[in-house]
file structure_22.csv (CSV, C-alpha atoms)
chain,number,residue,atom,x,y,z
Y,1,VAL,CA,-21.6,-0.5,10.7
Y,2,LYS,CA,-19.0,2.2,10.3
Y,3,TYR,CA,-16.7,0.0,8.2
Y,4,TYR,CA,-19.7,-1.2,6.1
Y,5,ASN,CA,-20.7,2.4,5.3
Y,6,MET,CA,-17.1,3.2,4.3
Y,7,LEU,CA,-17.0,0.2,2.0
Y,8,LEU,CA,-20.3,1.2,0.3
Y,9,LEU,CA,-18.7,4.6,-0.4
Y,10,ILE,CA,-15.6,3.0,-1.9
Y,11,ASN,CA,-17.8,0.6,-3.9
Y,12,SER,CA,-19.1,3.6,-5.9
Y,13,PHE,CA,-15.6,3.9,-7.4
Y,14,PHE,CA,-14.5,0.3,-7.2
Y,15,PRO,CA,-17.4,-2.2,-7.6
Y,16,ILE,CA,-17.1,-5.0,-5.0
Y,17,GLN,CA,-19.9,-7.5,-5.6
Y,18,GLN,CA,-23.5,-6.9,-6.5
Y,19,ASN,CA,-26.6,-9.0,-6.4
Y,20,CYS,CA,-28.4,-8.2,-9.6
Y,21,LYS,CA,-31.7,-9.7,-8.4
Y,22,ASP,CA,-32.3,-7.3,-5.5
Y,23,ASN,CA,-29.7,-4.7,-6.3
Y,24,LYS,CA,-28.0,-5.1,-2.9
Y,25,TYR,CA,-24.3,-5.1,-2.3
Y,26,ILE,CA,-22.7,-8.2,-1.0
Y,27,ILE,CA,-19.5,-7.7,1.0
Y,28,PRO,CA,-18.1,-10.8,2.7
Y,29,LYS,CA,-18.0,-10.3,6.5
Y,30,GLU,CA,-14.4,-11.4,6.7
Y,31,ASN,CA,-13.4,-8.6,4.4
Y,32,ILE,CA,-14.9,-6.0,6.7
Y,33,ASN,CA,-13.6,-7.4,10.0
Y,34,MET,CA,-10.3,-5.7,10.9
Y,35,THR,CA,-9.5,-8.5,13.4
Y,36,THR,CA,-8.9,-11.2,10.8
Y,37,PRO,CA,-5.3,-12.3,10.5
Y,38,LYS,CA,-4.7,-10.6,7.2
Y,39,ASN,CA,-6.4,-7.3,8.0
Y,40,SER,CA,-4.7,-7.3,11.4
Y,41,MET,CA,-1.3,-7.8,9.9
Y,42,GLU,CA,-1.8,-5.0,7.4
Y,43,LEU,CA,-3.0,-2.7,10.2
Y,44,VAL,CA,-0.1,-3.5,12.5
Y,45,GLY,CA,2.6,-3.5,9.8
Y,46,THR,CA,1.5,-0.2,8.4
Y,47,ALA,CA,1.4,1.3,11.9
Y,48,VAL,CA,5.0,0.1,12.6
Y,49,LEU,CA,6.1,1.6,9.3
Y,50,VAL,CA,4.5,5.0,9.9
Y,51,PHE,CA,5.6,5.1,13.5
Y,52,THR,CA,9.2,4.6,12.3
Y,53,ILE,CA,8.8,7.4,9.8
Y,54,GLN,CA,7.3,9.8,12.3
Y,55,THR,CA,9.9,9.2,15.1
Y,56,SER,CA,13.0,9.0,12.9
Y,57,ILE,CA,12.2,12.3,11.2
Y,58,CYS,CA,11.1,14.1,14.3
Y,59,ASN,CA,14.3,13.0,16.1
Y,60,GLY,CA,16.4,14.5,13.3
Y,61,SER,CA,18.2,11.3,12.5
Y,62,SER,CA,20.5,11.5,9.5
Y,63,LEU,CA,19.9,7.8,9.1
Y,64,THR,CA,16.1,8.2,8.6
Y,65,PRO,CA,16.1,6.6,5.1
Y,66,LEU,CA,18.0,3.6,6.4
Y,67,ALA,CA,15.6,3.2,9.4
Y,68,ILE,CA,12.6,3.3,7.1
Y,69,GLY,CA,14.0,0.9,4.5
Y,70,THR,CA,15.2,-1.6,7.1
Y,71,ILE,CA,12.0,-1.7,9.1
Y,72,LEU,CA,10.1,-2.2,5.9
Y,73,MET,CA,12.3,-5.1,5.0
Y,74,SER,CA,11.7,-6.7,8.4
Y,75,ILE,CA,7.9,-6.3,8.5
Y,76,VAL,CA,7.6,-7.5,4.9
Y,77,PHE,CA,9.4,-10.7,5.8
Y,78,ALA,CA,7.3,-11.0,8.9
Y,79,GLY,CA,3.9,-10.4,7.3
Y,80,GLY,CA,4.5,-11.8,3.9
Y,81,PRO,CA,3.2,-15.3,4.8
Y,82,ILE,CA,0.2,-13.9,6.6
Y,83,SER,CA,-1.3,-11.1,4.5
Y,84,GLY,CA,1.2,-10.5,1.7
Y,85,ALA,CA,2.6,-7.6,3.7
Y,86,HIS,CA,1.5,-4.8,1.4
Y,87,TYR,CA,1.3,-2.0,4.0
Y,88,ASN,CA,0.5,0.4,1.2
Y,89,PRO,CA,-2.8,1.0,-0.7
Y,90,ALA,CA,-0.8,1.6,-4.0
Y,91,VAL,CA,0.8,-1.8,-3.7
Y,92,SER,CA,-2.6,-3.4,-3.0
Y,93,PHE,CA,-4.0,-1.6,-6.0
Y,94,ALA,CA,-1.2,-2.8,-8.2
Y,95,VAL,CA,-1.6,-6.4,-7.0
Y,96,THR,CA,-5.4,-6.2,-7.6
Y,97,LEU,CA,-4.9,-4.8,-11.1
Y,98,ARG,CA,-2.3,-7.5,-11.8
Y,99,GLY,CA,-4.9,-10.2,-11.3
Y,100,GLY,CA,-4.7,-13.6,-9.8
Y,101,GLY,CA,-4.3,-12.1,-6.3
Y,102,LEU,CA,-6.6,-9.8,-4.4
Y,103,THR,CA,-10.2,-9.2,-5.3
Y,104,TRP,CA,-11.6,-5.7,-5.2
Y,105,SER,CA,-13.4,-6.4,-2.0
Y,106,GLU,CA,-10.3,-7.7,-0.4
Y,107,MET,CA,-8.4,-4.7,-1.6
Y,108,THR,CA,-10.9,-2.3,0.0
Y,109,SER,CA,-10.5,-4.1,3.4
Y,110,TYR,CA,-6.7,-3.8,3.0
Y,111,TRP,CA,-7.0,-0.1,2.3
Y,112,ILE,CA,-9.1,0.5,5.4
Y,113,ALA,CA,-6.7,-1.5,7.6
Y,114,GLN,CA,-3.7,0.3,6.1
Y,115,ILE,CA,-5.2,3.8,6.5
Y,116,ILE,CA,-6.2,3.0,10.1
Y,117,GLY,CA,-2.8,1.6,10.8
Y,118,GLY,CA,-1.0,4.6,9.3
Y,119,PHE,CA,-3.1,6.9,11.6
Y,120,ILE,CA,-2.3,4.8,14.7
Y,121,GLY,CA,1.4,4.7,13.9
Y,122,ALA,CA,1.6,8.4,13.3
Y,123,LEU,CA,-0.4,9.1,16.5
Y,124,ILE,CA,1.9,7.0,18.7
Y,125,GLY,CA,5.0,8.4,17.0
Y,126,GLY,CA,3.8,12.0,17.5
Y,127,PHE,CA,3.1,11.2,21.2
Y,128,ILE,CA,6.6,10.1,22.0
Y,129,SER,CA,8.4,12.6,19.7
Y,130,PRO,CA,9.0,16.3,20.3
Y,131,THR,CA,7.1,17.3,17.2
Y,132,SER,CA,4.9,15.9,14.5
Y,133,VAL,CA,5.6,15.7,10.8
Y,134,VAL,CA,3.5,15.6,7.6
Y,135,VAL,CA,4.4,14.7,4.1
Y,136,SER,CA,5.4,17.9,2.3
Y,137,MET,CA,7.4,18.9,-0.8
Y,138,GLY,CA,10.7,20.5,-0.6
Y,139,SER,CA,11.0,24.3,-0.4
Y,140,ASP,CA,12.8,24.5,-3.7
Y,141,ALA,CA,10.5,22.0,-5.5
Y,142,THR,CA,7.6,22.7,-7.8
Y,143,MET,CA,4.3,20.7,-7.5
Y,144,ALA,CA,5.0,19.1,-10.9
Y,145,GLN,CA,8.4,17.9,-9.7
Y,146,ALA,CA,6.9,16.5,-6.5
Y,147,ILE,CA,4.1,14.7,-8.3
Y,148,ILE,CA,6.4,13.1,-10.9
Y,149,SER,CA,8.8,12.0,-8.1
Y,150,GLU,CA,5.9,10.3,-6.3
Y,151,VAL,CA,4.6,8.6,-9.4
Y,152,MET,CA,8.1,7.5,-10.4
Y,153,TYR,CA,9.2,5.9,-7.2
Y,154,THR,CA,5.8,4.4,-6.4
Y,155,PHE,CA,5.9,2.9,-9.9
Y,156,VAL,CA,9.3,1.4,-9.2
Y,157,LEU,CA,8.2,0.1,-5.8
Y,158,CYS,CA,5.1,-1.5,-7.1
Y,159,LEU,CA,6.9,-3.0,-10.1
Y,160,VAL,CA,9.5,-4.5,-7.9
Y,161,VAL,CA,6.8,-5.9,-5.6
Y,162,LEU,CA,5.1,-7.5,-8.6
Y,163,CYS,CA,8.3,-8.9,-10.1
Y,164,VAL,CA,9.8,-10.4,-6.9
Y,165,ALA,CA,6.6,-11.4,-5.1
Y,166,THR,CA,4.0,-12.3,-7.7
Y,167,ASN,CA,6.2,-13.8,-10.4
Y,168,SER,CA,6.1,-17.6,-10.7
Y,169,LYS,CA,9.6,-17.6,-12.1
Y,170,VAL,CA,11.0,-16.5,-8.7
Y,171,GLU,CA,8.4,-18.2,-6.6
Y,172,ASN,CA,9.4,-18.9,-3.0
Y,173,ASN,CA,12.5,-16.6,-3.2
Y,174,HIS,CA,14.1,-15.3,0.0
Y,175,TYR,CA,15.0,-11.9,-1.2
Y,176,TYR,CA,11.7,-10.2,-1.8
Y,177,GLY,CA,11.7,-8.2,1.4
Y,178,LEU,CA,15.2,-7.0,0.8
Y,179,ALA,CA,14.4,-5.8,-2.7
Y,180,ILE,CA,11.3,-3.9,-1.6
Y,181,GLY,CA,13.0,-2.2,1.4
Y,182,LEU,CA,15.9,-1.1,-0.8
Y,183,VAL,CA,13.6,0.6,-3.2
Y,184,VAL,CA,12.1,2.7,-0.4
Y,185,LEU,CA,15.6,3.4,1.0
Y,186,ALA,CA,16.7,4.7,-2.5
Y,187,GLY,CA,13.6,6.7,-3.0
Y,188,ALA,CA,13.8,8.4,0.4
Y,189,ILE,CA,17.4,9.5,-0.4
Y,190,THR,CA,16.9,10.6,-4.0
Y,191,VAL,CA,13.4,12.3,-4.1
Y,192,GLY,CA,12.5,12.6,-0.4
Y,193,PRO,CA,13.8,16.2,-0.4
Y,194,ILE,CA,11.7,16.9,-3.4
Y,195,SER,CA,8.3,15.3,-2.7
Y,196,GLY,CA,8.5,14.2,0.9
Y,197,GLY,CA,9.1,10.6,-0.2
Y,198,ALA,CA,5.7,9.0,0.8
Y,199,PHE,CA,5.2,6.5,-2.0
Y,200,ASN,CA,2.3,5.3,0.1
Y,201,PRO,CA,-1.2,6.9,0.7
Y,202,ALA,CA,-1.3,5.4,4.2
Y,203,VAL,CA,1.8,7.3,5.1
Y,204,ALA,CA,0.5,10.6,3.6
Y,205,PHE,CA,-3.0,10.3,5.1
Y,206,GLY,CA,-1.8,8.8,8.4
Y,207,LEU,CA,0.7,11.6,9.2
Y,208,SER,CA,-1.7,14.3,8.0
Y,209,VAL,CA,-4.8,13.2,10.0
Y,210,ALA,CA,-2.7,12.5,13.1
Y,211,GLY,CA,-1.3,16.0,12.7
Y,212,GLY,CA,-4.8,17.6,12.7
Y,213,PHE,CA,-5.3,17.3,9.0
Y,214,ALA,CA,-2.2,19.4,8.4
Y,215,ASN,CA,-1.2,19.7,4.7
Y,216,PHE,CA,-4.2,17.4,3.9
Y,217,GLY,CA,-4.6,18.7,0.3
Y,218,TYR,CA,-1.0,17.8,-0.6
Y,219,SER,CA,-1.6,14.3,1.0
Y,220,VAL,CA,-4.5,13.8,-1.4
Y,221,VAL,CA,-2.3,14.9,-4.4
Y,222,VAL,CA,0.4,12.5,-3.2
Y,223,SER,CA,-2.0,9.6,-2.8
Y,224,VAL,CA,-3.4,10.0,-6.3
Y,225,ALA,CA,0.1,10.1,-7.7
Y,226,ASN,CA,0.9,6.9,-5.7
Y,227,LEU,CA,-2.1,5.1,-7.2
Y,228,VAL,CA,-1.2,6.2,-10.7
Y,229,GLY,CA,2.3,4.8,-10.1
Y,230,GLY,CA,0.8,1.5,-8.9
Y,231,ALA,CA,-1.5,1.3,-12.0
Y,232,VAL,CA,1.4,1.9,-14.4
Y,233,ALA,CA,3.4,-0.8,-12.7
Y,234,ALA,CA,0.6,-3.3,-13.1
Y,235,VAL,CA,0.3,-2.5,-16.8
Y,236,LEU,CA,4.0,-2.8,-17.4
Y,237,PHE,CA,4.1,-6.1,-15.5
Y,238,ARG,CA,1.6,-7.5,-17.9
Y,239,VAL,CA,3.6,-6.2,-20.8
Y,240,VAL,CA,7.0,-7.7,-19.7
Y,241,LEU,CA,5.6,-10.9,-18.3
Y,242,PRO,CA,2.7,-11.9,-20.5
Y,243,GLU,CA,3.2,-15.6,-19.9
Y,244,GLU,CA,2.1,-15.1,-16.3
Y,245,PHE,CA,-1.5,-14.4,-17.3
Y,246,GLY,CA,-2.3,-17.6,-19.1
Y,247,LEU,CA,-1.8,-19.2,-15.7
Y,248,ALA,CA,-3.2,-16.3,-13.6
Y,249,ARG,CA,-6.6,-16.7,-15.3
Y,250,GLY,CA,-6.7,-20.2,-14.0
Y,251,GLY,CA,-5.9,-19.0,-10.5
Y,252,THR,CA,-2.6,-20.9,-10.1
Y,253,VAL,CA,0.0,-18.1,-10.4
Y,254,GLY,CA,1.4,-16.7,-7.2
Y,255,GLU,CA,-0.6,-18.9,-4.8
Y,256,THR,CA,2.5,-19.5,-2.7
Y,257,THR,CA,4.2,-16.2,-3.3
Y,258,PRO,CA,4.0,-13.8,-0.4
Y,259,PHE,CA,2.2,-10.8,-1.9
Y,260,ASN,CA,-0.7,-12.9,-3.1
Y,261,ALA,CA,-1.4,-14.3,0.3
call {"tool": "encode", "arguments": {"input": "structure_22.csv", "output": "structure tokens"}}
result
Amino acid sequence: VKYYNMLLLINSFFPIQQNCKDNKYIIPKENINMTTPKNSMELVGTAVLVFTIQTSICNGSSLTPLAIGTILMSIVFAGGPISGAHYNPAVSFAVTLRGGGLTWSEMTSYWIAQIIGGFIGALIGGFISPTSVVVSMGSDATMAQAIISEVMYTFVLCLVVLCVATNSKVENNHYYGLAIGLVVLAGAITVGPISGGAFNPAVAFGLSVAGGFANFGYSVVVSVANLVGGAVAAVLFRVVLPEEFGLARGGTVGETTPFNA
């Protein structure tokens, strides 16, 4: 019931399916159930990612960007054949806008799984670490700089995801996880000190909620910036690879590529 009510709220912004005859919303049960293989993989994978972020930062490791990038590579390779291994609402948004992959209802179930997973990962990380962290911008950065940084690197991340994992020209490649993890590694190093380096609403919200809604307003700003970056990536993908969409309308593109699982 709780998940169903959440999906009805989300449906007011992103229409799922509607029965015009009796004006009732139709949401497939498998899309609400967080115990399905796909939703479970998204939840667990996001939890592992946020747990790594929380613990590596709290422990003061100088190799935090490397830890985050490499764990993302690993769980992307692990979950790719199961759920597509998004672990990021902005990525799911970009894949949905791209077409030929997720439906809007599937995207909402992924979002719920990812947000829950982010919270669980942050909660466990905060329990075993001496302190908790939240996404926050650098002390010398302005809000505009932070927003542009988040939009930019989320755009790059989502564009790389679309190009290496939903492009029929590189179908069944074995480097998609490496490419994706390296983007996050680069982003954490370059703009992490400016924006906090989330590039992922599940990271921003998970850390904030687990920390008692600390810096929640900034988490909202970051999440919107991340979704904007994902949307721009989907638009550019359509521009640079227009030939994909003659096939995508027939439902054949990306059926065996990981991120359209």
call {"tool": "atom_distance", "arguments": {"input": "structure_22.csv", "atom1": "atom CA of Ser223 of chain Y", "atom2": "atom CA of Leu49 of chain Y"}}
result
16.6 Å
call {"tool": "residues_around", "arguments": {"input": "structure_22.csv", "residues": "segment 198-209 of chain Y", "least_positions_apart": "4", "cutoff": "9 Å", "atoms": "only C-alpha atoms", "output": "NGL selection string"}}
result
:Y and (46-47 or 49-50 or 53-54 or 87-91 or 111 or 114-123 or 126 or 132-136 or 149-155 or 157 or 184 or 187-188 or 192 or 213-216 or 218-220 or 222-227 or 229)
call {"tool": "atom_distance", "arguments": {"input": "structure_22.csv", "atom1": "atom CA of Asn172 of chain Y", "atom2": "atom CA of Ile82 of chain Y"}}
result
14.2 Å
call {"tool": "atom_distance", "arguments": {"input": "structure_22.csv", "atom1": "atom CA of Val95 of chain Y", "atom2": "atom CA of Leu162 of chain Y"}}
result
7.0 Å
call {"tool": "closest_residue", "arguments": {"input": "structure_22.csv", "among": "Y:Cys58, Y:Val161, Y:Ile75, Y:Val191", "to": "Ser129 of chain Y", "atoms": "only C-alpha atoms"}}
result
Y:Cys58
